[in-house]
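Have a look at protein_10.txt; it's compact mmCIF, N, CA and C atoms:
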```txt
# COMPACT_ATOMS: atom_id res chain seq x y z
N MET A 23 93.38 93.71 88.15
CA MET A 23 94.38 93.60 89.18
C MET A 23 95.57 94.48 88.80
N SER A 24 96.01 95.31 89.72
CA SER A 24 97.15 96.17 89.45
C SER A 24 98.41 95.58 90.06
N THR A 25 99.54 95.98 89.50
CA THR A 25 100.83 95.51 89.99
C THR A 25 101.59 96.70 90.56
N VAL A 26 102.18 96.50 91.72
CA VAL A 26 102.99 97.54 92.35
C VAL A 26 104.45 97.19 92.15
N ASP A 27 105.23 98.16 91.73
CA ASP A 27 106.66 97.95 91.52
C ASP A 27 107.41 98.25 92.81
N PHE A 28 108.05 97.25 93.37
CA PHE A 28 108.80 97.40 94.61
C PHE A 28 110.29 97.63 94.36
N THR A 29 110.67 97.86 93.12
CA THR A 29 112.07 98.12 92.80
C THR A 29 112.54 99.40 93.48
N GLY A 30 113.61 99.32 94.22
CA GLY A 30 114.21 100.49 94.84
C GLY A 30 113.51 101.03 96.08
N VAL A 31 112.49 100.32 96.58
CA VAL A 31 111.82 100.81 97.80
C VAL A 31 112.68 100.54 99.02
N VAL A 32 112.42 101.24 100.08
CA VAL A 32 113.13 101.04 101.34
C VAL A 32 112.36 100.03 102.17
N TRP A 33 113.07 98.99 102.61
CA TRP A 33 112.46 97.96 103.45
C TRP A 33 112.86 98.20 104.90
N ARG A 34 111.92 97.98 105.81
CA ARG A 34 112.16 98.18 107.23
C ARG A 34 111.95 96.84 107.94
N LYS A 35 112.95 96.41 108.70
CA LYS A 35 112.84 95.14 109.42
C LYS A 35 111.92 95.31 110.62
N SER A 36 111.11 94.31 110.86
CA SER A 36 110.18 94.34 111.99
C SER A 36 110.93 94.50 113.31
N SER A 37 110.39 95.31 114.19
CA SER A 37 111.01 95.49 115.50
C SER A 37 110.90 94.22 116.34
N ARG A 38 110.03 93.30 115.96
CA ARG A 38 109.89 92.04 116.69
C ARG A 38 110.79 90.94 116.15
N SER A 39 111.53 91.24 115.11
CA SER A 39 112.49 90.30 114.56
C SER A 39 113.80 90.43 115.34
N GLY A 40 114.52 89.38 115.39
CA GLY A 40 115.83 89.45 116.05
C GLY A 40 116.00 88.36 117.07
N ASN A 41 116.73 88.64 118.11
CA ASN A 41 117.07 87.64 119.14
C ASN A 41 115.82 87.00 119.71
N GLY A 42 115.90 85.69 119.86
CA GLY A 42 114.79 84.95 120.45
C GLY A 42 113.73 84.52 119.46
N ASN A 43 113.87 84.90 118.19
CA ASN A 43 112.88 84.53 117.18
C ASN A 43 113.44 83.51 116.18
N ASN A 44 114.54 82.87 116.52
CA ASN A 44 115.15 81.85 115.67
C ASN A 44 115.43 82.36 114.26
N GLY A 45 115.73 83.64 114.14
CA GLY A 45 116.03 84.19 112.83
C GLY A 45 114.82 84.46 111.96
N ASN A 46 113.62 84.30 112.50
CA ASN A 46 112.41 84.56 111.73
C ASN A 46 112.21 86.07 111.64
N CYS A 47 112.42 86.62 110.45
CA CYS A 47 112.37 88.07 110.28
C CYS A 47 111.49 88.43 109.09
N VAL A 48 110.76 89.51 109.23
CA VAL A 48 110.01 90.05 108.11
C VAL A 48 110.41 91.50 107.91
N GLU A 49 110.25 91.97 106.69
CA GLU A 49 110.50 93.36 106.35
C GLU A 49 109.22 93.92 105.74
N VAL A 50 109.02 95.22 105.95
CA VAL A 50 107.81 95.90 105.48
C VAL A 50 108.22 97.11 104.66
N SER A 51 107.46 97.38 103.60
CA SER A 51 107.68 98.57 102.79
C SER A 51 106.34 99.20 102.45
N TYR A 52 106.25 100.51 102.65
CA TYR A 52 105.04 101.25 102.30
C TYR A 52 105.24 101.85 100.91
N THR A 53 104.33 101.56 100.00
CA THR A 53 104.48 102.05 98.63
C THR A 53 103.33 102.96 98.21
N GLY A 54 102.56 103.44 99.14
CA GLY A 54 101.43 104.29 98.77
C GLY A 54 100.13 103.53 98.94
N PRO A 55 99.62 102.92 97.87
CA PRO A 55 98.34 102.25 98.01
C PRO A 55 98.41 100.91 98.74
N VAL A 56 99.59 100.33 98.81
CA VAL A 56 99.72 99.02 99.45
C VAL A 56 100.95 98.98 100.36
N VAL A 57 100.94 97.96 101.22
CA VAL A 57 102.08 97.67 102.08
C VAL A 57 102.61 96.31 101.64
N GLY A 58 103.91 96.22 101.43
CA GLY A 58 104.53 94.96 101.06
C GLY A 58 105.22 94.33 102.26
N VAL A 59 105.13 93.01 102.36
CA VAL A 59 105.77 92.26 103.44
C VAL A 59 106.55 91.12 102.79
N ARG A 60 107.81 90.95 103.22
CA ARG A 60 108.62 89.86 102.68
C ARG A 60 109.47 89.24 103.76
N ASP A 61 109.98 88.06 103.49
CA ASP A 61 110.89 87.34 104.37
C ASP A 61 112.28 87.93 104.19
N SER A 62 112.86 88.46 105.25
CA SER A 62 114.17 89.11 105.13
C SER A 62 115.30 88.13 104.84
N LYS A 63 115.09 86.86 105.14
CA LYS A 63 116.14 85.87 104.87
C LYS A 63 116.02 85.27 103.48
N ASN A 64 114.89 85.51 102.81
CA ASN A 64 114.67 84.98 101.47
C ASN A 64 113.90 86.01 100.66
N THR A 65 114.56 87.12 100.34
CA THR A 65 113.89 88.25 99.71
C THR A 65 113.39 87.97 98.30
N GLU A 66 113.92 86.95 97.67
CA GLU A 66 113.49 86.60 96.31
C GLU A 66 112.25 85.70 96.30
N ALA A 67 111.78 85.28 97.46
CA ALA A 67 110.65 84.36 97.53
C ALA A 67 109.32 85.00 97.17
N GLY A 68 109.25 86.31 97.22
CA GLY A 68 108.02 87.00 96.87
C GLY A 68 107.62 88.00 97.93
N ILE A 69 106.60 88.77 97.59
CA ILE A 69 106.12 89.84 98.46
C ILE A 69 104.62 89.69 98.63
N LEU A 70 104.17 89.67 99.86
CA LEU A 70 102.74 89.73 100.15
C LEU A 70 102.34 91.20 100.17
N THR A 71 101.22 91.53 99.57
CA THR A 71 100.76 92.92 99.60
C THR A 71 99.40 93.02 100.27
N PHE A 72 99.22 94.12 100.97
CA PHE A 72 97.98 94.40 101.69
C PHE A 72 97.58 95.84 101.45
N PRO A 73 96.29 96.13 101.32
CA PRO A 73 95.86 97.53 101.27
C PRO A 73 96.27 98.23 102.56
N GLU A 74 96.55 99.52 102.48
CA GLU A 74 96.95 100.27 103.68
C GLU A 74 95.94 100.12 104.80
N SER A 75 94.65 100.10 104.47
CA SER A 75 93.61 99.98 105.51
C SER A 75 93.69 98.64 106.23
N ALA A 76 93.98 97.58 105.51
CA ALA A 76 94.11 96.25 106.13
C ALA A 76 95.34 96.20 107.03
N TRP A 77 96.44 96.82 106.58
CA TRP A 77 97.67 96.84 107.39
C TRP A 77 97.45 97.64 108.67
N ALA A 78 96.75 98.77 108.56
CA ALA A 78 96.45 99.59 109.74
C ALA A 78 95.59 98.80 110.72
N ALA A 79 94.63 98.03 110.22
CA ALA A 79 93.78 97.21 111.10
C ALA A 79 94.62 96.13 111.78
N PHE A 80 95.54 95.52 111.05
CA PHE A 80 96.43 94.52 111.63
C PHE A 80 97.27 95.11 112.75
N LEU A 81 97.85 96.29 112.50
CA LEU A 81 98.68 96.93 113.51
C LEU A 81 97.86 97.28 114.75
N ALA A 82 96.64 97.75 114.56
CA ALA A 82 95.78 98.10 115.69
C ALA A 82 95.43 96.85 116.50
N PHE A 83 95.19 95.74 115.79
CA PHE A 83 94.84 94.49 116.47
C PHE A 83 96.02 93.90 117.21
N SER A 84 97.23 94.04 116.66
CA SER A 84 98.39 93.38 117.24
C SER A 84 99.06 94.20 118.34
N SER A 85 98.61 95.43 118.57
CA SER A 85 99.26 96.23 119.63
C SER A 85 98.72 95.91 120.98
```
How does the structure come out when it is put into structure tokens?
Amino acid sequence: MSTVDFTGVVWRKSSRSGNGNNGNCVEVSYTGPVVGVRDSKNTEAGILTFPESAWAAFLAFSS
């Protein structure tokens, strides 16, 4: 199992976060081999990681 260092990466807030979502927000960061997802209101809680191919499939399914 490899570990990805998310120190200093740029996080992007989901375009679906904001008004009408009761403050439920996620942020996404692309680090090369994986995509990290975290709770923007609790950034210290941890990061879920997904292979780029799985993230691309999720985006295709959710559009």
**OP:** Could you check how far atom CA of Val59 of chain A sits from atom CA of Thr71 of chain A, in Å to one decimal?
**Re:** 6.3 Å
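Note that atom CA of Trp33 of chain A and atom N of Thr65 of chain A are 11.5 Å apart.
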Original post:
Gly54 of chain A: which residues within 8 Å, counting only N, CA and C atoms, same-chain residues fewer than 3 positions away excluded, as a VMD selection string?
Top reply: chain A and resid 51 57 to 58 73 to 74
Original post:
Which neighbours of Ser75 of chain A fall inside 8 Å, counting only N, CA and C atoms, when residues of the same chain fewer than 3 positions from it are skipped, and could you give them as a PyMOL selection string?
Top reply: chain A and resi 55-57+72+78-81
Would you mind writing down, as an mmCIF file with N, CA and C atoms, in the frame of the given file, each residue of chain A that DSSP on the backbone assigns to alpha helix (DSSP H)?
```
data_model
loop_
_atom_site.group_PDB
_atom_site.id
_atom_site.type_symbol
_atom_site.label_atom_id
_atom_site.label_comp_id
_atom_site.auth_asym_id
_atom_site.auth_seq_id
_atom_site.Cartn_x
_atom_site.Cartn_y
_atom_site.Cartn_z
ATOM 1 N N GLU A 74 96.550 99.520 102.480
ATOM 2 C CA GLU A 74 96.950 100.270 103.680
ATOM 3 C C GLU A 74 95.940 100.120 104.800
ATOM 4 N N SER A 75 94.650 100.100 104.470
ATOM 5 C CA SER A 75 93.610 99.980 105.510
ATOM 6 C C SER A 75 93.690 98.640 106.230
ATOM 7 N N ALA A 76 93.980 97.580 105.510
ATOM 8 C CA ALA A 76 94.110 96.250 106.130
ATOM 9 C C ALA A 76 95.340 96.200 107.030
ATOM 10 N N TRP A 77 96.440 96.820 106.580
ATOM 11 C CA TRP A 77 97.670 96.840 107.390
ATOM 12 C C TRP A 77 97.450 97.640 108.670
ATOM 13 N N ALA A 78 96.750 98.770 108.560
ATOM 14 C CA ALA A 78 96.450 99.590 109.740
ATOM 15 C C ALA A 78 95.590 98.800 110.720
ATOM 16 N N ALA A 79 94.630 98.030 110.220
ATOM 17 C CA ALA A 79 93.780 97.210 111.100
ATOM 18 C C ALA A 79 94.620 96.130 111.780
ATOM 19 N N PHE A 80 95.540 95.520 111.050
ATOM 20 C CA PHE A 80 96.430 94.520 111.630
ATOM 21 C C PHE A 80 97.270 95.110 112.750
ATOM 22 N N LEU A 81 97.850 96.290 112.500
ATOM 23 C CA LEU A 81 98.680 96.930 113.510
ATOM 24 C C LEU A 81 97.860 97.280 114.750
ATOM 25 N N ALA A 82 96.640 97.750 114.560
ATOM 26 C CA ALA A 82 95.780 98.100 115.690
ATOM 27 C C ALA A 82 95.430 96.850 116.500
ATOM 28 N N PHE A 83 95.190 95.740 115.790
ATOM 29 C CA PHE A 83 94.840 94.490 116.470
ATOM 30 C C PHE A 83 96.020 93.900 117.210
ATOM 31 N N SER A 84 97.230 94.040 116.660
ATOM 32 C CA SER A 84 98.390 93.380 117.240
ATOM 33 C C SER A 84 99.060 94.200 118.340
#
```
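All residues of protein, DNA or RNA that reach within 9 Å of Val31 of chain A, judged by only C-alpha atoms and not counting those fewer than 4 positions away in the chain, are A:Asp27, A:Ser51, A:Tyr52, A:Thr53.
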**OP:** Write out as a list of chain:residue names all residues of chain A that DSSP puts in strand (DSSP E or B) for this structure's backbone.
**Re:** A:Arg34, A:Lys35, A:Val48, A:Glu49, A:Val50, A:Ser51, A:Tyr52, A:Val56, A:Val57, A:Gly58, A:Val59, A:Arg60, A:Asp61, A:Leu70, A:Thr71, A:Phe72, A:Pro73
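Atom CA of Val48 of chain A lies 5.6 Å from atom CA of Arg60 of chain A.
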**OP:** Select, from A:Cys47, A:Ala76, A:Phe83, A:Thr25, the residue with the minimum atom-to-atom distance to Lys63 of chain A, counting all atoms listed in the file.
**Re:**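 Smallest distance to Lys63 of chain A is found for A:Cys47.
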Original post:
Nearest to Asp61 of chain A: which of A:Ser84, A:Thr29, A:Trp77, A:Glu49 is it, counting all atoms listed in the file?
Top reply: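 Residue with the minimum atom-to-atom distance to Asp61 of chain A: A:Glu49.
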